[in-house]
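**Q** Structure below; questions to follow.
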Amino acid sequence: MPEPMGFFTDTTVCIGCKACEVACKEWNQLPAANGGIGELSGDSYDNTRKLDGIHWRHVRFIEQFKGQYDGRWLMMSDVCKHCVQAGCLEVCPTGAIIRTEFDTVVIQSDVCNGCRACIAACPFGVIDVNPVSGTAQKCTLCYDRLKVGLEPACSKACPTDSIQFGSITELRTRAHKRVDQLKAQGVKAELYGADPDGALGGLNSFYLLVDEPEVYGLPRHPQLPSRNLAKSATFSAASAAVLGVLALVGLRKRRMDEQSRGGGGAGNV
Amino acid sequence: MSDSFFSGAPHWTWFIILYFFVGGIAGGASLLAAILDWFGGTEDRPVVRTGYNVAAVGAIVSGALLTIDLGRPLRFWHMIFQSANFPAVMFKGWSPISFGAWGLLLFGLFAVLAALGGMAEEGRLHNPALRAVGGAVRGGLAKLVGGLAGLLGVFIAGYTGVLLSVTNRPIWADSPWLGALFIASGMSTGAAALILLAPRRGATEQSLARLSAFDTKALAVELLVLVLFLASLGSVNRVWIGFWGLVLLVGVVGLGILAPLRLHLQRRPLASAAKLVLLGGFLLRLATIFVSEGIEHYRVTAGM
């Protein structure tokens with residue numbers, strides 16, 4: 001059994017070149033958006049804007065400018081987090097979403113029927129429909145490449161090693177060393193998703209951030225969708241019971257009225 | 001900011017909204033028909049038969065809407081059987097969409113059987129095969145089939161709300177009350193549909209008055225649950241500030257709940273109140289779905 005594999009993304013060395021986006025698109029033969037006609041976002045140098053069914057990697061540009069000369073750009077190559085407890089896998093009604101021998105989460109496109117439950121279940125907004133296949137798609141952590149001993153296309157292409165691929169245990173050790181190094185330099189650095197006792201049992205694609213998670217478009221406390229199941233089902237059952245009793249009481253009252261009038265009720269059929 | 005704002009919209013739009021609405025009516029009508037079937041009198045039979053018919057047609061339409069909505073409609077059966085391991089069953093008890101698929105299948109089966117039983121009772125079946133099936137559904141078996149259709153019906157009316165709650169989307173995942181709200185709405189719209197349709201099958205004034213009395217109670221419960229739903233959303237309620245909030249306030253609360261409540265209490269024409277209840281039920285699904293669908297992940301994270 002192979003070790004759990006994943007990504008450690010050190011956002012401090014990302015230069016926003018988008019080589020990972022291109023490598024991902026090329027290897028996975030993902031179609032161009034808008035028929036290949038470039039669409040400019042108009043308010044950012046980032047024109048991809050988000051992860052979806054045809055963008056399984058997205059280099060997020062966070063442009064923090066307070067004045068003409070005071071500002072910084074944060075860059076983060078975003079991808080599926082391959083959660084140890086995955087919301088998408090939890091809700092998928094067709095069994096299309098599986099956990100692989102590398103502890104990654106993969107959508108089998110030939111099984112998915114495009115119900116899109118996984119899109120709403122993912123706390124990170126990673127999944128979307130690929131309009132060509134009509135199915136939900138996202139990063140597979142290059143499952144096909146892993147099977148033959150290759151590293152994923154994005155990390156292979158990354159020129160600064162912002163995206164590092166390896167065993168989760170080794171990546172965590174490396175990430176903690178990097179945080180210590182940055183903190184010694186006075187940089188406010190934190191890991192997001194590296195704690196196996198943290199949210200979703202840890203993320204197999206975790207990040208080093210230098211600002212709050214929300215700034216990078218990441219939820220502070222990502223949760224499984226099933227957290228609401230018991231409560232919601234209980235309230236629904238209570239509502240059904242109340243309405244059922246109201247209907248029954250109404251009928252019973254009528255039959256009692258009929259009996260008091262001496263009719264004895266119409267009787268059941 | 002709620003963590004639900006970082007998720008992506010699943011593009012559940014018109015087909016799903018119509019399904020939630022039709023499924024709610026079918027489920028509510030089915031439970032009312034079953035209750036009247038078990039505990040009502042002979043004068044309630046037209047309402048019972050209408051209720052099972054509404055349930056059967058609603059279940060078939062619901063299945064069609066859900067199938068059309070899929071990205072790959074021909075793979076609809078992947079929700080029932082394991083595609084790579086046919087005929088092994090595909091079922092996840094913790095996934096509302098999975099147990100909902102099974103629930104709808106079983107609801108459709110029992111609702112159609114109950115409807116055929118009712119039509120055979122009236123002598124309206126001319127096809128020999130259907131007449132044979134309908135004729136077999138009578139007596140104790142008819143009660144059992146109707147009871148199961150009723151119980152599965154209320155499940156169909158409510159699981160859709162639970163399904164929305166078991167996500168990570170704004171509004172939907174921020175409250176545990178959507179299932180309860182959809183059940184109340186399903187019951188009120190189910191009663192409204194029966195008030196409008198049952199007179200054509202010979203429903204008595206007395207039966208319609210009873211449905212009206214029940215609809216009044218269902219609307220009161222719906223209003224209460226709607227208040228609880230909004231109260232549970234807390235700061236997320238700011239999402240309602242806009243067009244969909246207006247639809248909820250004017251369309252659902254005003255036209256769909258308060259106006260028919262007033263008509264019911266004044267004993268004004270039943271049909272007018274019933275039409276308003278149906279409008280309110282549709283607008284409830286419309287507003288609830290679109291208020292969340294409209295929140296795009298990138299827009300929120302970009303602070304727009």
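Simple scheme: letters A, B, ... for chains in structure tokens order, numbers from 1 for residues in each chain, numbers from 1 for ligands in the order shown.
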Neighbouring residues of Ile195 (chain B) were defined as those with any atom within 10 Å, considering only C-alpha atoms; residues of the same chain fewer than 6 positions away were excluded. Please report them as a PyMOL selection string.
**A** chain B and resi 47+50+189+203+207-212+215+270-271+273-275
**Q** Can you pull out every residue within 9 Å of Ser175 (chain B), counting only C-alpha atoms, but drop anything in the same chain fewer than 6 positions away, and send it as an MDAnalysis selection string?
**A** (chainID A and resid 228 232) or (chainID B and resid 165 229:233)
**Q** If we count only C-alpha atoms, which residues of chain B reach to within 6 Å of chain A? Please list them as an MDAnalysis selection string.
**A** chainID B and resid 3 6:8 10 41:42 70:72 75 78:79 95 98 162 166:169 176 179:180 301
**Q** Give me, as a ChimeraX atom specification, all polymer residues having an atom no more than 10 Å from Gly202 (chain A), counting only C-alpha atoms and skipping those fewer than 4 positions away in the same chain.
**A** /A:81-86,192-198,206
**Q** Please report, as a short mmCIF file (atom, residue, chain, number, x, y, z; two decimals) with C-alpha atoms, in the first residue's frame, each residue of region 64-267 of chain B to which DSSP assigns helix (DSSP H, G or I) when run on this structure's backbone.
**A**
```
data_model
loop_
_atom_site.label_atom_id
_atom_site.label_comp_id
_atom_site.auth_asym_id
_atom_site.auth_seq_id
_atom_site.Cartn_x
_atom_site.Cartn_y
_atom_site.Cartn_z
CA ALA B 64 -38.55 13.25 -15.31
CA LEU B 65 -37.42 16.67 -14.03
CA LEU B 66 -34.56 15.18 -12.05
CA THR B 67 -33.41 13.09 -15.00
CA ILE B 68 -33.50 16.00 -17.44
CA ASP B 69 -31.49 18.09 -14.99
CA PRO B 73 -29.39 12.02 -18.19
CA LEU B 74 -28.94 8.49 -19.55
CA ARG B 75 -26.88 7.68 -16.46
CA PHE B 76 -29.79 8.36 -14.09
CA TRP B 77 -29.74 4.69 -13.05
CA HIS B 78 -26.25 5.13 -11.55
CA MET B 79 -28.05 6.47 -8.47
CA SER B 83 -22.70 1.14 -12.72
CA ALA B 84 -19.51 -0.90 -12.65
CA ASN B 85 -21.03 -3.69 -10.62
CA PRO B 96 -29.81 12.80 1.21
CA ILE B 97 -29.52 12.75 -2.58
CA SER B 98 -28.88 9.00 -2.50
CA PHE B 99 -31.70 8.07 -0.13
CA GLY B 100 -33.88 10.64 -1.91
CA ALA B 101 -33.40 8.81 -5.22
CA TRP B 102 -34.57 5.59 -3.58
CA GLY B 103 -37.36 7.41 -1.78
CA LEU B 104 -38.68 8.89 -5.02
CA LEU B 105 -38.54 5.51 -6.76
CA LEU B 106 -40.53 3.83 -3.99
CA PHE B 107 -42.90 6.79 -3.64
CA GLY B 108 -43.62 6.61 -7.37
CA LEU B 109 -44.26 2.88 -7.16
CA PHE B 110 -46.73 3.07 -4.27
CA ALA B 111 -48.37 6.28 -5.48
CA VAL B 112 -49.03 4.78 -8.92
CA LEU B 113 -50.41 1.59 -7.34
CA ALA B 114 -52.65 3.62 -5.01
CA ALA B 115 -53.83 5.78 -7.93
CA LEU B 116 -54.62 2.69 -10.02
CA GLY B 117 -56.55 1.26 -7.07
CA GLY B 118 -58.59 4.47 -6.87
CA MET B 119 -59.25 4.53 -10.60
CA ALA B 120 -60.34 0.88 -10.56
CA GLU B 121 -62.70 1.77 -7.70
CA GLU B 122 -64.32 4.34 -10.00
CA PRO B 128 -56.98 -4.83 -19.12
CA ALA B 129 -53.49 -4.94 -17.58
CA LEU B 130 -53.99 -1.70 -15.64
CA ARG B 131 -57.47 -2.84 -14.62
CA ALA B 132 -56.00 -6.07 -13.28
CA VAL B 133 -53.35 -4.20 -11.25
CA GLY B 134 -55.81 -1.57 -10.02
CA GLY B 135 -58.37 -4.22 -9.19
CA ALA B 136 -55.84 -6.08 -7.04
CA GLY B 139 -59.34 -3.66 0.84
CA GLY B 140 -56.47 -4.10 3.29
CA LEU B 141 -53.85 -4.05 0.55
CA ALA B 142 -55.16 -0.70 -0.71
CA LYS B 143 -54.87 0.72 2.80
CA LEU B 144 -51.32 -0.59 3.12
CA VAL B 145 -50.28 0.75 -0.29
CA GLY B 146 -51.93 4.10 0.40
CA GLY B 147 -50.33 4.33 3.84
CA LEU B 148 -46.87 3.67 2.39
CA ALA B 149 -47.49 6.22 -0.39
CA GLY B 150 -48.47 8.75 2.29
CA LEU B 151 -45.42 8.15 4.47
CA LEU B 152 -43.07 8.18 1.49
CA GLY B 153 -44.85 11.30 0.26
CA VAL B 154 -44.09 13.32 3.37
CA PHE B 155 -40.52 12.08 3.11
CA ILE B 156 -40.29 13.37 -0.49
CA ALA B 157 -41.74 16.73 0.55
CA GLY B 158 -39.11 17.14 3.28
CA TYR B 159 -35.90 15.43 2.21
CA THR B 160 -35.35 18.10 -0.44
CA GLY B 161 -34.87 20.65 2.32
CA VAL B 162 -32.56 18.29 4.22
CA LEU B 163 -30.63 17.81 0.97
CA LEU B 164 -30.05 21.55 0.74
CA SER B 165 -28.95 21.70 4.38
CA LEU B 178 -35.23 23.94 5.55
CA GLY B 179 -36.51 20.36 5.66
CA ALA B 180 -39.18 21.28 8.20
CA LEU B 181 -40.12 24.34 6.14
CA PHE B 182 -40.46 22.33 2.93
CA ILE B 183 -42.65 19.76 4.72
CA ALA B 184 -44.99 22.49 5.98
CA SER B 185 -45.07 24.04 2.51
CA GLY B 186 -45.59 20.62 0.90
CA MET B 187 -48.55 19.96 3.17
CA SER B 188 -50.13 23.38 2.55
CA THR B 189 -49.61 23.20 -1.24
CA GLY B 190 -50.77 19.57 -1.27
CA ALA B 191 -54.01 20.58 0.46
CA ALA B 192 -54.36 23.53 -1.95
CA ALA B 193 -53.95 21.26 -4.97
CA LEU B 194 -56.66 18.96 -3.58
CA ILE B 195 -58.99 21.91 -2.97
CA LEU B 196 -58.60 22.89 -6.62
CA LEU B 197 -58.73 19.42 -8.20
CA ALA B 198 -60.99 17.31 -5.98
CA PRO B 199 -64.30 19.04 -6.91
CA ARG B 200 -63.90 17.61 -10.45
CA ARG B 201 -63.94 14.13 -8.93
CA GLU B 205 -68.41 20.77 0.31
CA GLN B 206 -67.80 19.17 3.67
CA SER B 207 -64.56 17.49 2.50
CA LEU B 208 -63.33 20.74 0.96
CA ALA B 209 -64.10 22.64 4.14
CA ARG B 210 -62.00 20.13 6.09
CA LEU B 211 -59.12 20.58 3.66
CA SER B 212 -59.45 24.32 4.03
CA ALA B 213 -59.37 24.00 7.81
CA PHE B 214 -56.25 21.85 7.58
CA ASP B 215 -54.62 24.26 5.11
CA THR B 216 -55.11 27.08 7.62
CA LYS B 217 -53.21 25.10 10.25
CA ALA B 218 -50.49 24.07 7.77
CA LEU B 219 -50.00 27.72 6.75
CA ALA B 220 -49.69 28.75 10.40
CA VAL B 221 -47.05 26.05 10.96
CA GLU B 222 -45.28 27.14 7.76
CA LEU B 223 -45.16 30.75 8.95
CA LEU B 224 -43.78 29.68 12.32
CA VAL B 225 -41.10 27.48 10.75
CA LEU B 226 -40.21 30.26 8.29
CA VAL B 227 -39.61 32.61 11.22
CA LEU B 228 -37.46 29.96 12.93
CA PHE B 229 -35.55 29.41 9.67
CA LEU B 230 -34.77 33.11 9.28
CA ALA B 231 -33.89 33.48 12.97
CA SER B 232 -31.43 30.57 12.72
CA LEU B 233 -29.57 32.25 9.82
CA GLY B 234 -28.26 35.09 12.00
CA SER B 235 -25.86 37.37 10.15
CA VAL B 236 -26.22 35.34 6.94
CA ASN B 237 -29.62 37.00 6.56
CA ARG B 238 -27.86 39.90 4.84
CA VAL B 239 -27.94 37.73 1.71
CA TRP B 240 -31.71 38.32 1.63
CA PHE B 243 -34.61 40.98 -4.98
CA TRP B 244 -34.98 37.49 -3.49
CA GLY B 245 -35.62 38.94 -0.04
CA LEU B 246 -38.45 40.94 -1.59
CA VAL B 247 -39.82 37.77 -3.21
CA LEU B 248 -39.67 36.01 0.15
CA LEU B 249 -41.35 38.82 2.04
CA VAL B 250 -44.02 39.88 -0.45
CA GLY B 251 -44.49 36.72 -2.49
CA VAL B 252 -44.09 33.97 0.10
CA VAL B 253 -45.11 35.60 3.38
CA GLY B 254 -47.60 38.16 2.03
CA LEU B 255 -49.26 36.49 -0.94
CA GLY B 256 -48.49 32.85 -0.16
CA ILE B 257 -49.20 32.66 3.59
CA LEU B 258 -50.92 35.73 5.10
CA ALA B 259 -53.37 36.42 2.23
CA PRO B 260 -54.70 32.83 2.01
CA LEU B 261 -54.79 32.62 5.83
CA ARG B 262 -57.05 35.66 5.80
CA LEU B 263 -59.24 34.19 3.07
CA HIS B 264 -59.50 30.87 4.91
CA LEU B 265 -60.41 32.57 8.18
#
```
**Q** Write out as a short mmCIF file (atom, residue, chain, number, x, y, z; two decimals) with C-alpha atoms, in the first residue's frame which residues come within 10 Å of Gly38 (chain A) when counting only C-alpha atoms, dropping same-chain ones fewer than 4 positions away.
**A**
```
data_model
loop_
_atom_site.label_atom_id
_atom_site.label_comp_id
_atom_site.auth_asym_id
_atom_site.auth_seq_id
_atom_site.Cartn_x
_atom_site.Cartn_y
_atom_site.Cartn_z
CA ALA A 32 -10.33 26.24 -23.18
CA ALA A 33 -12.91 28.49 -21.61
CA ASN A 34 -15.24 30.46 -23.84
CA ASN A 47 -8.15 36.15 -15.68
CA THR A 48 -8.84 32.52 -14.66
#
```
**Q** List the neighbours of Cys154 (chain A) out to 7 Å using only C-alpha atoms; skip same-chain residues closer than 6 positions along the sequence, and give me the result as JSON, numbers by chain.
**A** {"A": [20, 21, 23, 24]}
**Q** List as a VMD selection string the protein and nucleic acid residues near Lys147 (chain A), meaning an atom at most 12 Å away when only C-alpha atoms are counted, but skip any in the same chain fewer than 3 places from it.
**A** chain A and resid 2 5 100 to 102 140 to 144 150 to 152
**Q** Work out how far CA of Arg285 (chain B) is from CA of Gly51 (chain B), in Å to one decimal.
**A**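 Between CA of Gly51 (chain B) and CA of Arg285 (chain B) the gap works out to 21.7 Å.
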